[in-house]
$ cat input23.txt   # compact mmCIF, C-alpha atoms
# COMPACT_ATOMS: atom_id res chain seq x y z
CA MET A 1 18.14 -15.84 9.94
CA GLU A 2 20.43 -14.94 12.79
CA ARG A 3 20.94 -11.27 13.55
CA THR A 4 23.49 -10.97 16.26
CA THR A 5 24.28 -7.31 15.97
CA THR A 6 22.29 -4.47 17.37
CA LEU A 7 21.16 -1.88 14.90
CA VAL A 8 23.47 1.09 14.85
CA THR A 9 21.07 3.97 14.47
CA ASP A 10 23.82 6.52 13.73
CA THR A 11 23.97 5.33 10.11
CA LEU A 12 20.22 5.52 9.55
CA PRO A 13 18.37 8.49 8.04
CA GLU A 14 16.69 10.64 10.65
CA TRP A 15 13.18 9.30 10.05
CA ALA A 16 14.39 5.68 10.34
CA ALA A 17 16.36 6.36 13.52
CA ALA A 18 13.22 7.98 14.94
CA LEU A 19 11.16 4.90 14.01
CA CYS A 20 13.74 2.77 15.81
CA ARG A 21 13.07 4.83 18.92
CA ASN A 22 9.29 4.41 18.38
CA ASP A 23 9.04 8.18 18.13
CA THR A 24 5.33 9.02 18.14
CA ALA A 25 5.78 12.41 16.45
CA THR A 26 7.50 10.72 13.51
CA LEU A 27 4.75 8.08 13.28
CA ARG A 28 2.15 10.83 13.32
CA ALA A 29 3.99 12.78 10.61
CA LEU A 30 4.31 9.69 8.40
CA TYR A 31 0.62 8.94 8.91
CA LYS A 32 -0.48 12.46 8.09
CA MET A 33 1.75 12.73 5.04
CA HIS A 34 1.28 9.34 3.42
CA PHE A 35 -2.18 8.08 4.42
CA PRO A 36 -4.11 10.25 1.92
CA GLY A 37 -2.40 8.55 -1.07
CA VAL A 38 -3.14 5.07 0.25
CA LYS A 39 -6.71 6.03 1.07
CA GLN A 40 -7.27 7.34 -2.43
CA TYR A 41 -5.94 4.11 -3.96
CA VAL A 42 -8.11 1.88 -1.75
CA LEU A 43 -11.25 3.96 -2.32
CA GLN A 44 -10.67 3.84 -6.07
CA ASN A 45 -10.47 0.06 -5.86
CA SER A 46 -13.67 -0.95 -4.10
CA GLY A 47 -12.42 -0.34 -0.55
CA THR A 48 -13.61 1.80 2.34
CA SER A 49 -11.85 4.33 4.52
CA ASP A 50 -11.55 1.67 7.26
CA ASP A 51 -9.96 -0.73 4.76
CA ALA A 52 -7.47 2.00 3.91
CA GLN A 53 -6.64 2.48 7.60
CA ASP A 54 -6.03 -1.27 7.98
CA VAL A 55 -3.65 -1.64 5.03
CA PHE A 56 -1.88 1.61 5.84
CA GLN A 57 -1.25 0.55 9.44
CA GLU A 58 0.01 -2.83 8.26
CA ALA A 59 2.33 -1.13 5.76
CA ILE A 60 3.77 1.20 8.35
CA SER A 61 4.30 -1.82 10.63
CA VAL A 62 6.24 -3.55 7.84
CA LEU A 63 8.37 -0.43 7.43
CA TRP A 64 8.92 -0.25 11.19
CA LEU A 65 10.02 -3.89 11.49
CA SER A 66 12.25 -3.57 8.43
CA VAL A 67 14.02 -0.67 10.12
CA LYS A 68 14.22 -2.50 13.46
CA GLU A 69 15.75 -5.57 11.88
CA GLY A 70 18.21 -3.59 9.80
CA ARG A 71 16.68 -4.78 6.54
CA LEU A 72 16.04 -1.38 5.04
CA VAL A 73 17.88 -0.69 1.82
CA ALA A 74 19.84 2.56 1.84
CA GLY A 75 18.00 5.42 0.19
CA THR A 76 14.54 3.97 0.79
CA ASP A 77 11.80 6.57 0.55
CA PRO A 78 9.34 5.90 3.40
CA GLY A 79 6.35 7.21 1.44
CA GLY A 80 7.07 5.05 -1.58
CA PHE A 81 7.72 2.03 0.63
CA ILE A 82 4.45 2.44 2.55
CA TYR A 83 2.45 3.01 -0.63
CA LYS A 84 3.81 -0.10 -2.34
CA VAL A 85 3.25 -2.35 0.65
CA ALA A 86 -0.25 -0.97 1.26
CA LYS A 87 -1.12 -1.37 -2.42
CA ASN A 88 0.05 -5.00 -2.39
CA LYS A 89 -1.87 -5.68 0.81
CA TRP A 90 -5.04 -4.25 -0.67
CA LEU A 91 -4.64 -6.24 -3.89
CA ASP A 92 -4.25 -9.38 -1.75
CA VAL A 93 -7.52 -8.52 0.01
CA VAL A 94 -9.33 -7.84 -3.25
CA ARG A 95 -8.13 -11.10 -4.72
CA SER A 96 -9.18 -13.08 -1.65
CA ALA A 97 -12.23 -15.34 -1.73
CA ALA A 98 -14.36 -12.96 0.31
CA HIS A 99 -13.94 -10.24 -2.26
CA LYS A 100 -14.20 -12.21 -5.49
CA HIS A 101 -17.39 -10.41 -6.39
CA MET A 102 -15.48 -7.13 -6.62
CA LYS A 103 -14.68 -5.85 -10.05
CA VAL A 104 -10.98 -5.14 -10.18
CA VAL A 105 -9.84 -3.23 -13.18
CA HIS A 106 -6.84 -1.65 -11.58
CA ASP A 107 -3.36 -3.04 -11.66
CA GLU A 108 -3.59 -6.82 -11.82
CA ARG A 109 0.14 -7.31 -12.31
CA SER A 110 2.08 -9.47 -9.91
CA MET A 111 3.06 -6.43 -7.89
CA ASP A 112 6.66 -5.56 -7.42
CA ARG A 113 7.18 -6.04 -3.71
CA PRO A 114 9.49 -3.40 -2.37
CA THR A 115 12.94 -4.80 -2.88
CA ASP A 116 13.90 -3.76 0.62
CA VAL A 117 11.24 -5.88 2.28
CA SER A 118 12.19 -9.39 3.16
CA ASP A 119 9.62 -11.93 1.97
CA ASP A 120 8.91 -13.23 5.43
CA ILE A 121 8.48 -9.92 7.22
CA GLU A 122 4.70 -9.98 7.12
CA ASP A 123 4.69 -13.53 8.51
CA ARG A 124 6.99 -12.34 11.26
CA LEU A 125 4.54 -9.58 12.16
CA VAL A 126 1.81 -12.17 12.52
CA ARG A 127 3.99 -14.31 14.78
CA LEU A 128 5.01 -11.33 16.92
CA ARG A 129 1.36 -10.37 17.38
CA GLU A 130 0.53 -13.92 18.44
CA VAL A 131 3.20 -13.73 21.10
CA TYR A 132 2.04 -10.32 22.34
CA ALA A 133 -1.54 -11.59 22.55
CA LYS A 134 -0.44 -14.03 25.27
CA LEU A 135 0.36 -11.21 27.68
CA ASP A 136 -2.11 -10.13 30.36
CA ASP A 137 -3.08 -6.48 30.78
CA LYS A 138 -0.72 -5.82 33.65
CA CYS A 139 2.27 -7.12 31.69
CA ARG A 140 1.26 -5.13 28.63
CA THR A 141 1.00 -1.93 30.62
CA VAL A 142 4.47 -2.24 32.12
CA LEU A 143 6.23 -3.64 29.05
CA ASP A 144 4.62 -1.13 26.63
CA ARG A 145 5.77 1.76 28.74
CA PHE A 146 9.29 0.41 29.13
CA TYR A 147 10.00 -1.03 25.67
CA PHE A 148 7.74 0.95 23.33
CA GLU A 149 7.46 4.30 25.08
CA ARG A 150 11.04 3.94 26.37
CA LYS A 151 10.17 5.29 29.80
CA ASP A 152 12.56 4.49 32.63
CA LEU A 153 11.58 2.25 35.54
CA ALA A 154 11.29 5.17 37.97
CA ALA A 155 8.79 7.00 35.74
CA ILE A 156 6.67 3.89 35.26
CA ALA A 157 6.77 3.17 39.00
CA ASP A 158 5.66 6.73 39.69
CA GLU A 159 2.79 6.51 37.21
CA MET A 160 1.60 3.21 38.66
CA GLY A 161 2.15 4.15 42.28
CA VAL A 162 4.52 1.30 43.12
CA GLU A 163 8.19 0.86 43.95
CA GLU A 164 10.72 0.92 41.11
CA GLU A 165 12.00 -2.51 42.14
CA SER A 166 8.48 -3.92 41.79
CA ILE A 167 8.29 -2.67 38.22
CA ARG A 168 11.69 -4.20 37.49
CA THR A 169 10.48 -7.55 38.85
CA ILE A 170 7.17 -7.39 36.96
CA LYS A 171 9.06 -6.61 33.78
CA TYR A 172 11.41 -9.55 34.27
CA ARG A 173 8.58 -11.99 35.07
CA CYS A 174 6.49 -10.84 32.12
CA MET A 175 9.42 -11.23 29.76
CA MET A 176 10.05 -14.71 31.13
CA LYS A 177 6.40 -15.51 30.36
CA LEU A 178 6.99 -14.40 26.80
CA ARG A 179 10.17 -16.44 26.70
CA ALA A 180 8.24 -19.53 27.80
CA VAL A 181 5.59 -18.90 25.15
CA ARG A 182 8.27 -18.57 22.49
CA ASN A 183 9.94 -21.78 23.61
CA VAL A 184 6.60 -23.62 23.33
CA ILE A 185 6.04 -22.19 19.83
CA ARG A 186 9.57 -23.13 18.77
CA GLY A 187 9.04 -26.65 20.11
CA GLU A 188 5.80 -26.99 18.14
CA GLU A 189 7.50 -25.68 15.00
CA ASN A 190 10.36 -28.13 15.40
CA GLU A 191 7.91 -31.01 15.86
CA ALA A 192 5.99 -29.94 12.76
CA SER A 193 9.15 -29.71 10.64
CA MET B 1 19.15 -22.93 25.05
CA ASN B 2 17.96 -23.24 28.64
CA LYS B 3 14.25 -24.06 28.67
CA GLY B 4 13.83 -22.66 32.18
CA ASN B 5 14.00 -18.99 33.16
CA LEU B 6 16.98 -16.97 32.09
CA ASP B 7 18.79 -15.45 35.07
CA ARG B 8 17.95 -11.81 35.65
CA VAL B 9 21.48 -10.48 35.24
CA THR B 10 21.90 -12.04 31.81
CA PHE B 11 18.38 -10.99 30.84
CA GLU B 12 19.09 -7.36 31.74
CA ALA B 13 22.48 -7.41 30.01
CA ILE B 14 20.85 -8.60 26.79
CA GLU B 15 18.10 -6.03 27.23
CA ALA B 16 20.61 -3.21 27.60
CA TYR B 17 22.39 -4.41 24.45
CA VAL B 18 19.18 -4.61 22.40
CA LEU B 19 17.96 -1.21 23.61
CA ASP B 20 21.37 0.32 22.91
CA ARG B 21 21.86 1.30 26.54
CA MET B 22 25.41 0.03 26.94
CA SER B 23 28.56 2.10 27.01
CA THR B 24 31.11 1.45 24.28
CA VAL B 25 33.26 -0.56 26.71
CA GLU B 26 30.31 -2.65 27.90
CA ARG B 27 29.18 -3.23 24.32
CA THR B 28 32.60 -4.38 23.19
CA ALA B 29 32.85 -6.79 26.13
CA PHE B 30 29.36 -8.11 25.52
CA GLU B 31 30.05 -8.65 21.83
CA GLN B 32 33.17 -10.62 22.74
CA ARG B 33 31.03 -12.86 24.94
CA LEU B 34 28.54 -13.24 22.10
CA ALA B 35 31.26 -14.27 19.69
CA ASN B 36 32.22 -17.19 21.93
CA ASP B 37 28.86 -18.21 23.35
CA THR B 38 26.28 -19.84 21.07
CA ALA B 39 23.70 -20.11 23.84
CA LEU B 40 24.00 -16.39 24.59
CA ARG B 41 23.51 -15.59 20.91
CA ALA B 42 20.35 -17.69 20.90
CA GLU B 43 19.10 -15.91 24.02
CA LEU B 44 19.84 -12.57 22.38
CA GLU B 45 17.76 -13.46 19.34
CA LEU B 46 14.88 -14.69 21.48
CA GLU B 47 14.88 -11.63 23.71
CA ARG B 48 15.20 -9.27 20.75
CA GLU B 49 12.14 -10.87 19.16
CA ASN B 50 10.18 -10.69 22.40
CA ILE B 51 11.02 -7.01 22.74
CA HIS B 52 9.93 -6.50 19.13
CA ALA B 53 6.66 -8.29 19.92
CA VAL B 54 6.02 -5.89 22.80
CA GLU B 55 7.02 -2.86 20.75
CA LEU B 56 4.76 -3.99 17.91
CA GLY B 57 1.86 -4.13 20.36
CA GLY B 58 2.63 -0.54 21.36
CA LEU B 59 3.04 0.49 17.74
CA SER B 60 -0.36 -0.93 16.76
CA SER B 61 -2.03 0.82 19.66
CA THR B 62 -0.29 4.12 18.80
CA LEU B 63 -1.27 3.89 15.13
CA ARG B 64 -4.92 3.36 16.09
CA THR B 65 -4.74 6.42 18.34
CA ILE B 66 -3.17 8.53 15.58
CA ALA B 67 -5.83 7.39 13.09
CA SER B 68 -8.55 8.28 15.55
CA ASP B 69 -7.01 11.71 16.26
CA LEU B 70 -6.67 12.53 12.56
CA GLN B 71 -10.27 11.49 11.89
CA ALA B 72 -11.44 13.69 14.76
CA THR B 73 -9.44 16.60 13.32
CA GLU B 74 -11.02 16.06 9.92
CA ARG B 75 -14.50 16.00 11.45
CA ALA B 76 -13.78 19.18 13.42
CA LYS B 77 -12.72 20.94 10.23
CA GLY B 78 -16.00 19.84 8.68
CA THR B 79 -18.20 21.56 11.26
CA GLY B 80 -16.97 25.18 11.07
CA TRP B 81 -15.28 25.92 7.82
CA GLY B 82 -17.12 22.96 6.35
CA ARG B 83 -20.50 24.64 6.65
CA PHE B 84 -19.20 27.85 5.13
CA MET B 85 -17.56 25.87 2.36
CA ALA B 86 -20.81 24.01 1.69
CA TYR B 87 -22.65 27.30 1.08
CA ALA B 88 -19.80 28.57 -1.08
CA ALA B 89 -19.78 25.32 -3.01
CA SER B 90 -23.53 25.54 -3.64
CA ILE B 91 -23.17 28.99 -5.14
CA ALA B 92 -20.19 27.88 -7.17
CA VAL B 93 -22.12 24.86 -8.51
CA LEU B 94 -25.04 27.09 -9.51
CA LEU B 95 -22.69 29.42 -11.36
CA MET B 96 -20.94 26.54 -13.05
CA VAL B 97 -24.22 24.96 -14.19
CA THR B 98 -25.22 28.28 -15.75
CA ILE B 99 -21.88 28.66 -17.48
CA TRP B 100 -21.97 25.05 -18.62
CA TRP B 101 -25.49 25.35 -20.03
CA PHE B 102 -24.58 28.30 -22.21
CA GLY B 103 -21.15 27.04 -23.09
CA ARG B 104 -21.76 23.32 -23.43
CA PRO B 105 -20.26 21.52 -26.43
CA PRO B 106 -22.21 20.54 -29.54
CA ILE B 107 -24.39 17.43 -29.38
CA ASN B 108 -21.94 15.22 -31.30
CA GLU B 109 -19.21 15.91 -28.76
CA ARG B 110 -21.63 15.36 -25.88
CA LEU B 111 -22.72 12.02 -27.31
CA PHE B 112 -19.10 10.97 -27.64
CA ALA B 113 -18.43 11.98 -24.04
CA ASP B 114 -21.56 10.17 -22.85
CA HIS B 115 -20.71 6.90 -24.56
CA PHE B 116 -16.94 6.75 -24.56
CA THR B 117 -15.54 4.66 -21.75
CA ARG B 118 -11.83 4.10 -21.68
CA GLU B 119 -10.85 0.44 -22.00
CA PRO B 120 -9.91 -0.83 -18.52
CA GLY B 121 -6.75 -2.53 -19.77
CA LEU B 122 -5.49 -6.08 -19.70
CA PRO B 123 -4.67 -7.99 -16.53
CA VAL B 124 -0.90 -7.89 -16.71
CA THR B 125 -0.42 -11.38 -15.31
CA MET B 126 -2.47 -12.68 -18.25
CA GLY B 127 -1.08 -10.17 -20.73
CA ALA B 128 -0.76 -10.56 -24.42
CA THR B 129 2.98 -10.47 -24.24
CA ASP B 130 5.73 -11.51 -21.85
CA ASP B 131 7.54 -8.29 -22.57
CA PRO B 132 8.05 -6.49 -19.24
CA ALA B 133 8.03 -3.12 -21.06
CA PHE B 134 4.52 -3.91 -22.28
CA ALA B 135 3.45 -4.92 -18.78
CA ASP B 136 4.91 -1.77 -17.24
CA ALA B 137 3.15 0.35 -19.84
CA MET B 138 -0.15 -1.42 -19.10
CA VAL B 139 0.22 -0.63 -15.42
CA TYR B 140 0.85 3.05 -16.23
CA TYR B 141 -2.15 3.01 -18.55
CA LYS B 142 -4.40 1.61 -15.82
CA GLU B 143 -3.16 4.26 -13.44
CA GLY B 144 -4.01 6.96 -15.98
CA LEU B 145 -0.36 7.84 -16.62
CA TYR B 146 -0.80 7.94 -20.38
CA ALA B 147 2.43 9.70 -21.33
CA GLU B 148 4.44 7.04 -19.45
CA ALA B 149 2.39 4.25 -21.06
CA ALA B 150 2.85 5.71 -24.54
CA ALA B 151 6.58 6.21 -24.01
CA ARG B 152 6.91 2.45 -23.41
CA TRP B 153 4.45 1.20 -26.00
CA MET B 154 5.54 3.32 -28.95
CA PRO B 155 9.01 1.71 -29.33
CA LEU B 156 7.30 -1.70 -29.24
CA LEU B 157 4.82 -0.57 -31.89
CA GLU B 158 7.66 0.62 -34.11
CA LYS B 159 9.07 -2.90 -33.94
CA GLU B 160 5.67 -4.54 -34.49
CA PRO B 161 3.55 -2.03 -36.41
CA THR B 162 0.72 -4.51 -37.01
CA ASN B 163 0.42 -5.81 -33.46
CA ASP B 164 -3.34 -5.55 -32.68
CA THR B 165 -2.88 -5.20 -28.93
CA LEU B 166 -0.38 -2.38 -29.24
CA LEU B 167 -2.41 -0.62 -31.94
CA PHE B 168 -5.58 -0.88 -29.89
CA TYR B 169 -4.14 0.39 -26.61
CA THR B 170 -2.04 3.13 -28.14
CA ALA B 171 -5.23 4.23 -29.92
CA MET B 172 -6.91 4.38 -26.49
CA VAL B 173 -4.08 6.61 -25.30
CA ASP B 174 -4.49 8.78 -28.41
CA ILE B 175 -8.21 9.20 -27.71
CA VAL B 176 -7.83 10.16 -24.06
CA THR B 177 -5.00 12.54 -24.90
CA ASP B 178 -6.95 14.21 -27.73
CA HIS B 179 -5.03 12.72 -30.63
CA GLY B 180 -8.10 11.36 -32.38
CA THR B 181 -6.66 11.41 -35.91
CA SER B 182 -3.90 9.04 -34.96
CA ALA B 183 -6.41 6.86 -33.12
CA VAL B 184 -8.61 6.59 -36.26
CA THR B 185 -5.67 5.32 -38.31
CA LYS B 186 -4.75 2.69 -35.73
CA LEU B 187 -8.31 1.58 -35.07
CA ASN B 188 -8.97 1.26 -38.81
CA THR B 189 -6.10 -1.22 -39.01
CA VAL B 190 -7.43 -3.21 -36.05
CA ALA B 191 -11.02 -3.09 -37.37
CA GLN B 192 -9.91 -4.64 -40.64
CA GLY B 193 -8.25 -7.55 -38.87
CA THR B 194 -9.69 -10.53 -37.05
CA SER B 195 -8.35 -10.05 -33.53
CA ILE B 196 -10.37 -9.99 -30.33
CA PHE B 197 -10.17 -6.19 -30.48
CA GLN B 198 -11.87 -5.93 -33.88
CA SER B 199 -15.42 -5.43 -32.63
CA ARG B 200 -14.39 -2.87 -30.00
CA ALA B 201 -12.19 -1.08 -32.51
CA ARG B 202 -15.22 -0.64 -34.78
CA TRP B 203 -17.26 0.81 -31.88
CA TYR B 204 -14.56 3.31 -30.96
CA LEU B 205 -14.17 4.27 -34.62
CA PHE B 206 -17.90 4.90 -34.76
CA LEU B 207 -17.68 7.13 -31.69
CA LEU B 208 -14.72 9.05 -33.11
CA PHE B 209 -16.60 9.68 -36.36
CA VAL B 210 -19.60 10.90 -34.36
CA GLU B 211 -17.41 13.21 -32.33
CA ARG B 212 -15.85 14.72 -35.45
CA GLY B 213 -19.18 15.18 -37.23
CA GLY B 214 -18.43 12.44 -39.76
CA LEU B 215 -21.95 11.07 -39.79
CA ALA B 216 -21.62 9.43 -43.19
CA GLU B 217 -18.53 7.57 -42.04
CA ALA B 218 -20.25 6.64 -38.78
CA ARG B 219 -23.26 5.24 -40.62
CA ALA B 220 -20.99 3.42 -43.06
CA MET B 221 -19.66 1.38 -40.14
CA GLY B 222 -22.95 -0.54 -40.30
CA LEU B 223 -23.11 -1.07 -36.56
CA GLU B 224 -26.88 -0.48 -36.19
CA THR B 225 -27.52 -4.21 -36.21
CA ASP B 226 -24.49 -5.18 -34.15
CA SER B 227 -25.50 -7.54 -31.33
CA VAL B 228 -23.36 -5.73 -28.76
CA TYR B 229 -23.34 -2.10 -29.85
CA GLY B 230 -26.45 -1.91 -32.08
CA GLU B 231 -28.78 -0.42 -29.49
CA ARG B 232 -26.34 2.32 -28.48
CA VAL B 233 -25.52 3.08 -32.12
CA ARG B 234 -29.21 3.45 -33.00
CA HIS B 235 -29.73 5.71 -29.99
CA ILE B 236 -26.81 7.95 -30.96
CA LEU B 237 -27.92 8.21 -34.55
CA SER B 238 -31.45 9.05 -33.47
CA GLN B 239 -30.11 11.82 -31.21
CA LEU B 240 -28.29 13.22 -34.20
CA GLY B 241 -31.53 13.30 -36.15
CA GLU B 242 -30.53 10.52 -38.47
$ encode --input "input23.txt" --output "structure tokens"
Amino acid sequence: MERTTTLVTDTLPEWAAALCRNDTATLRALYKMHFPGVKQYVLQNSGTSDDAQDVFQEAISVLWLSVKEGRLVAGTDPGGFIYKVAKNKWLDVVRSAAHKHMKVVHDERSMDRPTDVSDDIEDRLVRLREVYAKLDDKCRTVLDRFYFERKDLAAIADEMGVEEESIRTIKYRCMMKLRAVRNVIRGEENEAS
Amino acid sequence: MNKGNLDRVTFEAIEAYVLDRMSTVERTAFEQRLANDTALRAELELERENIHAVELGGLSSTLRTIASDLQATERAKGTGWGRFMAYAASIAVLLMVTIWWFGRPPINERLFADHFTREPGLPVTMGATDDPAFADAMVYYKEGLYAEAAARWMPLLEKEPTNDTLLFYTAMVDIVTDHGTSAVTKLNTVAQGTSIFQSRARWYLFLLFVERGGLAEARAMGLETDSVYGERVRHILSQLGE
């Protein structure tokens, strides 16, 4: 799907606009508010606290990417969205071969995926992680601070004790590495299809 | 799309667009270029995804940090107040045990409570009906939302008053919501039929009779020799001095 417009955050609810900016305080608030419900569900269904952390973090990532890609349906409640995605993720885990010995008595229905989540969004998360994994530590450090933390080049240069122009060059080269990786992946996908 | 490197000026223009760091004039001009340049649109998509990949890496790392911080906060709460609360809880438990011992229910109610286990419910994907209202109600039932389950099942039961599945599960709702009389009526109907719920309906009827002190009715169920429930039935009757 081609998305040629940049998300206009003015029309988003405050929490979604904050997610778009990768606002850590908002992430922390969402975590604090909505993790207990997910944890309770997972613990009640043969899971551990660590399992709950995993599915919760995946669910919040799905919410985040949905917001980033402008796929969020108006009026979406973030808590309800996270809970539904996390619940589906945990049911997938429980139904998997490794967990077939578990006794599942809770909610075997073909779960209603949140209507505002595109079917492929979880696959896209996997692909994005594969791409990120190709970066070396130096690239990650610079790119994380610039793109995720939204720091400016001068601040990053100051933190790392180098010239601003060096950071700008490192950023460009690292992104070109990613671009090359993506082109290789696209080529492989085209050959496969 | 160019397979080699993208020139730095174009790269940074796309970056500014994706990160919403363009002025209105710059944005309008850039969008005009996009409208007429397929290759630029492809570069925009690629760069946007690469930025998302980097941001996702940062997001994952941040979420792990938040989880770790919240766990540390929970543990810290557990060391100070937690110790005090543990002592307070011990005293409270002692008091509650004393109150419970002197105020515990009669033996027939205790036996019911000891042996009654709510039916787990049907897997909805393999449900007895394709009716989505039934499936929704089953999900509510499994989640312990009995009023919601009953609100969806009861209209179906009015349409099909002899449906074994509906009778059986609405009886379960009646039992857990303390409407035993209604449950007895429904379970009697199921117990007289030949459905897969018949045997279980007889067991729950037995338990309801025990709970209500109807020992003669409980014995009349004749479940002492039942291959599934016989042992439990004999144990309950022996506890009641039968």
$ residues_around --input "input23.txt" --residues "segment 51-56 of chain B" --least-positions-apart "6" --cutoff "9 Å" --atoms "all atoms listed in the file" --output "PDB file with C-alpha atoms, in the coordinates of the input"
ATOM      1  CA  ASN A  22       9.290   4.410  18.380  1.00  0.00           C
ATOM      2  CA  SER A  61       4.300  -1.820  10.630  1.00  0.00           C
ATOM      3  CA  TRP A  64       8.920  -0.250  11.190  1.00  0.00           C
ATOM      4  CA  LEU A  65      10.020  -3.890  11.490  1.00  0.00           C
ATOM      5  CA  LYS A  68      14.220  -2.500  13.460  1.00  0.00           C
ATOM      6  CA  LEU A 125       4.540  -9.580  12.160  1.00  0.00           C
ATOM      7  CA  ARG A 127       3.990 -14.310  14.780  1.00  0.00           C
ATOM      8  CA  LEU A 128       5.010 -11.330  16.920  1.00  0.00           C
ATOM      9  CA  ARG A 129       1.360 -10.370  17.380  1.00  0.00           C
ATOM     10  CA  GLU A 130       0.530 -13.920  18.440  1.00  0.00           C
ATOM     11  CA  VAL A 131       3.200 -13.730  21.100  1.00  0.00           C
ATOM     12  CA  TYR A 132       2.040 -10.320  22.340  1.00  0.00           C
ATOM     13  CA  ARG A 140       1.260  -5.130  28.630  1.00  0.00           C
ATOM     14  CA  LEU A 143       6.230  -3.640  29.050  1.00  0.00           C
ATOM     15  CA  ASP A 144       4.620  -1.130  26.630  1.00  0.00           C
ATOM     16  CA  TYR A 147      10.000  -1.030  25.670  1.00  0.00           C
ATOM     17  CA  PHE A 148       7.740   0.950  23.330  1.00  0.00           C
ATOM     18  CA  GLU A 149       7.460   4.300  25.080  1.00  0.00           C
ATOM     19  CA  MET A 175       9.420 -11.230  29.760  1.00  0.00           C
TER      20      MET A 175
ATOM     21  CA  GLU B  15      18.100  -6.030  27.230  1.00  0.00           C
ATOM     22  CA  VAL B  18      19.180  -4.610  22.400  1.00  0.00           C
TER      23      VAL B  18
END
$ closest_residue --input "input23.txt" --among "B:Met138, B:Leu19, B:Leu223, B:Leu63" --to "Arg150 of chain A" --atoms "only C-alpha atoms"
B:Leu19
$ interface_residues --input "input23.txt" --of "chain B" --to "chain A" --cutoff "8 Å" --atoms "all atoms listed in the file" --output "ChimeraX atom specification"
/B:3-6,8,11,17-18,20,41,44-47,49-60,62-63,66-67,70,120-121,123-125,135,139,142-143
$ closest_residue --input "input23.txt" --among "B:Thr10, B:Arg48, B:Tyr87, B:Pro106" --to "Arg33 of chain B" --atoms "all atoms listed in the file"
B:Thr10
$ residues_around --input "input23.txt" --residues "segment 192-207 of chain B" --least-positions-apart "4" --cutoff "6 Å" --atoms "all atoms listed in the file" --output "NGL selection string"
:B and (112 or 187 or 218)
$ closest_residue --input "input23.txt" --among "B:Glu231, B:Glu211, B:Glu26, B:Asp174" --to "Met154 of chain B" --atoms "only C-alpha atoms"
B:Asp174
$ atom_distance --input "input23.txt" --atom1 "atom CA of Leu215 of chain B" --atom2 "atom CA of Arg232 of chain B"
15.0 Å
